[in-house]
Structures are given as structure tokens and as C-alpha cells.
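Structure first, commentary second.
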2 protein chains.
Amino acid sequence: MQITFLGTSAGVPTRSRNVSCVALRLPQRGEVWLFDCGEGTQHQLLRSQLNISQITRIFITHLHGDHLFGLLGLLATCGMSGHSQGIEVYGPRGLEQYVRECGELTQTRYSYPVPVRTVEAGEIFEDGEFSVSCAPLKHRLPSFAYRVTEKDRPGSFDLEKARAAGIPAGPLYGRLKRGERVTLPDGRKFDGADFSGPTETGRSVVYCTDTIYCQSAVELARGADVLIHEATFTRDDEHLAQRSLHSTAAMAARVAVEAGAGQLIITHFSPRYAEGNAIEPGELLREARSVFPRTEMARDFMSIEVPRHQPPES
Amino acid sequence: MQITFLGTSAGVPTRSRNVSCVALRLPQRGEVWLFDCGEGTQHQLLRSQLNISQITRIFITHLHGDHLFGLLGLLATCGMSGHSQGIEVYGPRGLEQYVRECGELTQTRYSYPVPVRTVEAGEIFEDGEFSVSCAPLKHRLPSFAYRVTEKDRPGSFDLEKARAAGIPAGPLYGRLKRGERVTLPDGRKFDGADFSGPTETGRSVVYCTDTIYCQSAVELARGADVLIHEATFTRDDEHLAQRSLHSTAAMAARVAVEAGAGQLIITHFSPRYAEGNAIEPGELLREARSVFPRTEMARDFMSIEVPRHQPPES
């Protein structure tokens, strides 16, 4: 799982930061999932290493334009680029109406299915490899955080060990790989579990925006390997965060601490913190690190491989 | 009047060309008018020399997303940037509903009035300095071309000539400037017209997109100083133009010839004509120039001062 930030500015684009979008690349299935789709997301994709034709799911946190206004343009472009598989879109109530009405008025046609799913708290997607769940946040209109959980994978089959035990190659290896118990013609018995490496623990990523500090974000982010959390303001501007229901960098870090997250990446920065201004962007990072040291600050096109986080032993 | 191209690609953005927008700067009144507003227009404005706070009117040709999907984001950003005067938006039927419904669903608020005017063929705006009229085009959904006409301005008052004639400075100069006839205390009579330089002929710019060749474009562009016309395809791909109701470069040039335009600027190029492809973008320019030599090819951020075109004597 690889995270790429495509937009890290709050409200309006700046010369160096676009409005919100985060891409999650899942190399094992050749898919890209997007979280939010601010205006210009398709332009950012053009400038990234990501392949637009791999997009299969788009999760929208809430209906504010800086998280949404790139959606229809991207869906239309995917159609013109010969995207043939469907793109499933998830988001709060109202999203389906937005996609349908804007699509009709602008006669936007897709050459592939675009189902829009209205989300509620809980699990919203699940298959053999991944599950996605969401939780309500605290913002000026309904907003949801998303958690993507990779399922644990059985360890790889230890071929050398099987050979060393004198088990003849062939169909027996397949049964052992599946964890079955087998009996050889000479009467010896083996358990598949003894030939399997350690289970590969699934990783998890949580995306929380837009919101002021809230307990449901902490619950959703419990033990996550990577928590991406908005940090629109600094502590000095907490009155602005309170008024607009956004987070300070300290609030984002508090969520990471309380959730026991492996790593925090802050994003969604107010353009007021530009280089040369009274408060510079680096202050957001310093503030968050003073509460939760394992914090990084997102920038557009920053890309990280999601690490496996070992939660502290309790 | 200064034209700046902010998007010159058809349908989808490329790395070097955004989707449609043309800005017309009117320095004499400190205003910028936009024609179309494709996704990413506000991003292009950030990278241009234009001042977002000077935007007062936005004219939309038709409701296809590549001409429209930047509108709400731009209007929202103008609000957040402290834009206080209103922005009037003009366009075909359906635009008002689009702005209203998208605005409501996304809770987009403007801190200034945003009236949306539904246009029909004919004059749609007029004041002491400018008029704007529009004409229907021939596309897959209702589409309008716009013509901006700068009114003629009286020549400047020839102060030296008035002094040389021995007319005493003071209120009499004001009356002569206004073209009145005056009688001096010594009985001499003067006509303001004799002290005025030649009338400054107003200029005109016509913006035609999306359309296949049509007679109403020729009528609207009659004698225009600058005609901006879409040229999505080359003559070799005329079947694509016929199918999608777009123009070839030759069709755009034919409109310029038949209208007796001063200059043609082609724009809205299919991304299929990229450098290195079977047909390169330069072919569009060659094709148009073979029909109408005074043709230029738009590129993003290209800016030109509208010249005064002297129509050939009939």
C-alpha cells in the first residue's frame, strides 16, 4: 500500500498545494483508490506517477467543494481515456444527487458504470483482501473518516523445510500450503501449519478530514499504521478551528496519541501559513511533533509506502 | 483590451494545455471578463498575471464539463479572497439551475451577489463603454458565441490647437471637449468638433466554441478585430468533427474569411495532436493559414493586446 498526496491545501489551491485528494495504490491488485477529489485532481494525476486507468474506487469525506469539485471532471476524463471497468463512488447523503444532477445538466456520459454508494458509520466494503469502514466526524456538514484495512495474509510456504523433511514434491505440497494435515504412504504425519512462515499482518490507513477533534476519529484510528489527519490551523489560531470545526495540529496529534497510531501525517493546511508570513507552515509540524513525535507533514506528490507498525506491548 | 488564454485543450487537460477558458482584461475599467471556466481555471489564474479580484463577468458558452467544471470553485475562491463586488454569470438555459443546485448541495456560499443570466441570441449587455452580444452555434447541446464590442470613443481634445487659436483656458475648454459650439466675448465662434482628434474606433473580439462551421458564427464575427474560434480537428479527421459537431482548422479559417475578421486565433485542440503523434499540433495552424493567413495558434498563458483592424475598403 502506497499513499500519494495529490492535494494538501485547505479551501483554496495555492501555487504549491492543490485542494484535497489522497491516492492509495494497491499494487497487489493493480488498483488506485482516491480519498476526496478536489478541483484539479485529474491535473495532479497527470503530473504524478499514478495511472488514471487503475482508479476503481473514490471515497468522498463530505460535500464541500474543495473535496469534491474535481469528481465529475475526473470521471468524464476516465471515460474519454477508455476506462472500461466501473468506478464506485462512496460518500455522504447528497453525493448521489450531486453526481446525478450535475451529470444530467452537463450531459456528462461515462462509458462504464459509476455507482454512488451512500455511506453510514461502519463497514462499507469488504472482500478477501481489504475492508473499508467509516466513522462520522464533527464538521459543519456531514463528514466521514475512512479506514482501509488490509487483511492478514498467511505466511509463505517453506519449501526448503518440506524438502528437508523428505516430503515428496507434488500434490502434497499444495495441501500443506493450504494448512491441511497430510499422511505420507510411509505413515509419517505432517501439519501444514509447521511449514508456513509467520502470518503477514495487514496494514491499515485512516483518513480523517474535515473535522475538529472528535472521539469517533480516535476509535476509527485505533492502532492504525498510518493516520492522515487534517491540521488546518495552529494552536494560536484555535479560535478559527473552533469556529469552522477544523483541527489544529495539536488536535490531530492528540488523536494519534489516543488512538495509538503508528505514524501521523498531517495535511489540509490553511493557506494563511505561507512561507514569509507571521506563522510559517513548519510551525504546524513542530506543534504536532511536540504532542506526537512520529508526525510528518504532507506535501503535494509526497509518496510513502505504508509501514507495518508494531503496536507497543501492553 | 488584452486577451489571455487560460485553457486551450478540448475535452481533457494535458500537461501543457488546460481545458477551456479565455480571459479578456479591460484595463480602462480594471476588470477581467472570463469566457468559459473549465476545471482548473482558478489554478491557471494563480499562475497568470491576472488579478482574480478583478473578475466581474463570466460568460459560459455551453454546459459541457470542460467549459464549466471550474466555475463553482472559482466563485467560492473569489469569496474567500475577499471579493466583494458581484460576479455576473451568463450562459445558456440550465446554467442557473446548475449553479443553484451544486451550490446548495455543497453548501457553497458567496460573500457577494452571483446573478446568473440566461442568454438568448442578441445583445445581452450594454453600457457606455462596451456591448456584448451572442449568437447560437451548432453543437450537441445549446452553445453560444459571444462578441464583445468596445464603443467608439471621441478623439482627445487638442489643447495646443485651442491655445494657438487664442481661446482662454477655463470652462470653455470643457464645453469644446464635449463637442459644443462656443462664442467668445470678442464674438469669435468655435466648434468643439474642430478641436477633437480622430474618433478612436472601438475594437471587437468574438469567441466561438464549441461548434461545427455555422453561418451564425460568420454573422456574429462580421468585421471583428479578433476572432477566437475552436479548431478541434484537422481536415483529415473531418469525419470526427462532423460526428461530434466540432470544427476543423479549415472550418475556423473559413469563418474568418467569410466574416472579414482582422485576425483568427484557433484554440480547443484535440489532445490527439500531440508532438510526436502521426499528426502534430502545427498541422492545425498550417491548415488554417492555408485558408486565412492571419491566423495564430493559442497556447496556455499566451496574451495579446487586441489590435485595431482596418477593414479593407469596399
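Scheme for the C-alpha cells: letters A, B, ... for chains in order shown; per-chain residue numbers from 1; ligand numbers from 1 in order shown.
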
Next on the checklist: I'd like the contact shell of Arg178 in chain B - 10 Å cut-off, only C-alpha atoms, skipping same-chain residues fewer than 3 positions apart - returned as a list in words.
Outcome noted: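 Listing them by chain and then by number gives Pro154, Phe157, Leu172, Tyr173, Gly174, Arg175, Arg181, Gly192, Ala193 and Ser196 of chain B.
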
Give me a file of those residues, with C-alpha atoms, as a PDB file, in the first residue's frame.
```
ATOM      1  CA  PRO B 154     -14.317  60.617 -29.221  1.00  0.00           C
ATOM      2  CA  PHE B 157      -9.105  67.315 -27.109  1.00  0.00           C
ATOM      3  CA  LEU B 172     -14.774  76.988 -22.413  1.00  0.00           C
ATOM      4  CA  TYR B 173     -12.299  74.115 -22.889  1.00  0.00           C
ATOM      5  CA  GLY B 174     -14.704  71.773 -21.145  1.00  0.00           C
ATOM      6  CA  ARG B 175     -17.523  72.783 -23.474  1.00  0.00           C
ATOM      7  CA  ARG B 181     -20.154  75.276 -30.128  1.00  0.00           C
ATOM      8  CA  GLY B 192     -15.705  71.647 -30.489  1.00  0.00           C
ATOM      9  CA  ALA B 193     -15.516  69.203 -33.408  1.00  0.00           C
ATOM     10  CA  SER B 196     -11.098  66.898 -31.403  1.00  0.00           C
TER      11      SER B 196
END
```

Next on the checklist: Contacts from chain A to chain B, 8 Å maximum, only C-alpha atoms: show me the residue list as a PyMOL selection string.
Outcome noted: chain A and resi 11-15+39-40+43+46-47+63-66+69-70+72-73+77+94+98+102+105-108

Hey, can you spit out that residue selection with C-alpha atoms as a CSV table (one decimal), in the first residue's frame?
```
chain,number,residue,atom,x,y,z
A,11,GLY,CA,-10.3,25.5,1.0
A,12,VAL,CA,-8.4,27.0,-1.9
A,13,PRO,CA,-5.4,25.9,-4.1
A,14,THR,CA,-2.1,27.7,-3.8
A,15,ARG,CA,0.8,27.6,-6.2
A,39,GLU,CA,-10.9,20.5,-8.3
A,40,GLY,CA,-7.8,19.8,-10.3
A,43,HIS,CA,-4.5,17.6,-13.4
A,46,LEU,CA,-1.4,13.8,-14.9
A,47,ARG,CA,1.7,15.1,-13.1
A,63,LEU,CA,-19.6,17.7,0.1
A,64,HIS,CA,-17.6,20.9,0.4
A,65,GLY,CA,-16.3,21.9,-3.0
A,66,ASP,CA,-12.6,21.7,-2.1
A,69,PHE,CA,-15.3,19.7,-7.4
A,70,GLY,CA,-12.8,17.5,-9.3
A,72,LEU,CA,-17.1,14.9,-12.4
A,73,GLY,CA,-14.2,16.1,-14.5
A,77,THR,CA,-11.8,12.0,-18.4
A,94,GLY,CA,-26.4,14.1,-1.2
A,98,TYR,CA,-24.9,15.8,-6.9
A,102,CYS,CA,-24.5,17.7,-12.4
A,105,LEU,CA,-27.3,19.1,-16.7
A,106,THR,CA,-23.8,18.9,-18.3
A,107,GLN,CA,-24.7,15.8,-20.3
A,108,THR,CA,-21.6,14.1,-18.9
```

Per-residue nearest contacts of range 102-168 of chain A to range 213-232 of chain A (12 Å; only C-alpha atoms) as a tab-separated table:
```
residue	atom	partner	partner_atom	distance
A:Ala121	CA	A:Ser216	CA	9.9
A:Gly122	CA	A:Leu220	CA	9.5
A:Glu123	CA	A:Leu220	CA	11.0
A:Val132	CA	A:Leu220	CA	10.8
A:Ser133	CA	A:Leu220	CA	8.2
A:Cys134	CA	A:Leu220	CA	7.3
A:Ala135	CA	A:Ser216	CA	6.3
A:Pro136	CA	A:Ser216	CA	6.7
A:Leu137	CA	A:Ala217	CA	6.6
A:Lys138	CA	A:Cys214	CA	6.5
A:His139	CA	A:Tyr213	CA	9.7
A:Ser143	CA	A:Ala217	CA	11.1
A:Phe144	CA	A:Ala217	CA	9.1
A:Ala145	CA	A:Ala217	CA	7.0
A:Tyr146	CA	A:Leu220	CA	7.9
A:Arg147	CA	A:Leu220	CA	6.8
A:Val148	CA	A:Ala224	CA	9.3
A:Thr149	CA	A:Ala224	CA	8.6
A:Glu150	CA	A:Asp225	CA	10.8
```

Item to check | Interatomic distance (Å, one decimal) between CA of Phe130 in chain A and CA of Ile212 in chain A | outcome: 27.9 Å

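Summary of the local environment: counting only C-alpha atoms, residues at most 8 Å from Arg235 in chain A, other than itself and those fewer than 3 positions away along its chain, are A:Glu238, A:Thr248, A:Ala249, A:Ala250, A:Glu287.
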
Create the file for the chosen residues now, containing C-alpha atoms and written as an mmCIF file, in the first residue's frame.
```cif
data_model
loop_
_atom_site.group_PDB
_atom_site.id
_atom_site.type_symbol
_atom_site.label_atom_id
_atom_site.label_comp_id
_atom_site.auth_asym_id
_atom_site.auth_seq_id
_atom_site.Cartn_x
_atom_site.Cartn_y
_atom_site.Cartn_z
ATOM 1 C CA GLU A 238 -7.577 27.621 17.746
ATOM 2 C CA THR A 248 -5.325 22.398 14.990
ATOM 3 C CA ALA A 249 -2.095 20.459 14.507
ATOM 4 C CA ALA A 250 -2.186 19.699 18.249
ATOM 5 C CA GLU A 287 3.252 21.756 17.106
#
```

Checklist entry - Leaving out Ile167 in chain B and any residue of its chain fewer than 5 positions from it, which residues lie within 10 Å of it when counting only C-alpha atoms, given as a list in words? => result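 Near neighbours after the sequence-gap exclusion: Leu159, Lys161, Ala162, Leu172, Tyr173, Leu184, Arg188 and Phe190 of chain B.
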
Next, dump the selected residues to file, keeping only N, CA, C and O atoms, as a CSV table (one decimal), in the first residue's frame.
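Output (out_30.csv):
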```csv
chain,number,residue,atom,x,y,z
B,159,LEU,N,-5.5,70.4,-27.1
B,159,LEU,CA,-5.2,71.5,-26.2
B,159,LEU,C,-4.4,72.6,-26.9
B,159,LEU,O,-4.6,73.8,-26.8
B,161,LYS,N,-4.0,73.2,-30.1
B,161,LYS,CA,-4.7,73.9,-31.1
B,161,LYS,C,-5.7,75.0,-30.5
B,161,LYS,O,-5.8,76.1,-31.0
B,162,ALA,N,-6.3,74.7,-29.4
B,162,ALA,CA,-7.2,75.6,-28.7
B,162,ALA,C,-6.4,76.8,-28.2
B,162,ALA,O,-6.8,78.0,-28.3
B,172,LEU,N,-14.5,77.1,-21.0
B,172,LEU,CA,-14.8,77.0,-22.4
B,172,LEU,C,-14.2,75.7,-23.0
B,172,LEU,O,-14.7,75.0,-23.8
B,173,TYR,N,-13.0,75.3,-22.4
B,173,TYR,CA,-12.3,74.1,-22.9
B,173,TYR,C,-13.2,72.9,-22.6
B,173,TYR,O,-13.3,72.0,-23.5
B,184,LEU,N,-17.0,83.4,-28.1
B,184,LEU,CA,-16.1,84.1,-27.1
B,184,LEU,C,-16.6,85.5,-26.9
B,184,LEU,O,-17.4,86.0,-27.7
B,188,ARG,N,-15.9,85.8,-31.6
B,188,ARG,CA,-15.4,84.7,-32.4
B,188,ARG,C,-16.2,83.4,-32.0
B,188,ARG,O,-16.4,83.2,-30.8
B,190,PHE,N,-16.4,79.1,-32.2
B,190,PHE,CA,-15.6,77.9,-32.4
B,190,PHE,C,-16.5,76.6,-32.2
B,190,PHE,O,-17.5,76.7,-31.4
```

Item to check | strand (DSSP E or B) per DSSP on the backbone: members of range 229-297 of chain B, as a PyMOL selection string | outcome: chain B and resi 229-230+233+248+263-267+269+295-297

Item to check | Secondary structure check, alpha helix (DSSP H) residues of range 53-181 of chain B, as a ChimeraX atom specification | outcome: /B:71-80,95-105,159-164,171-177

Item to check | Residue neighbourhood Thr234 in chain A, 12 Å, only C-alpha atoms, exclusion window fewer than 2 positions, as an MDAnalysis selection string | outcome: chainID A and resid 230:232 236:242 246:253 266 268:273 278:288
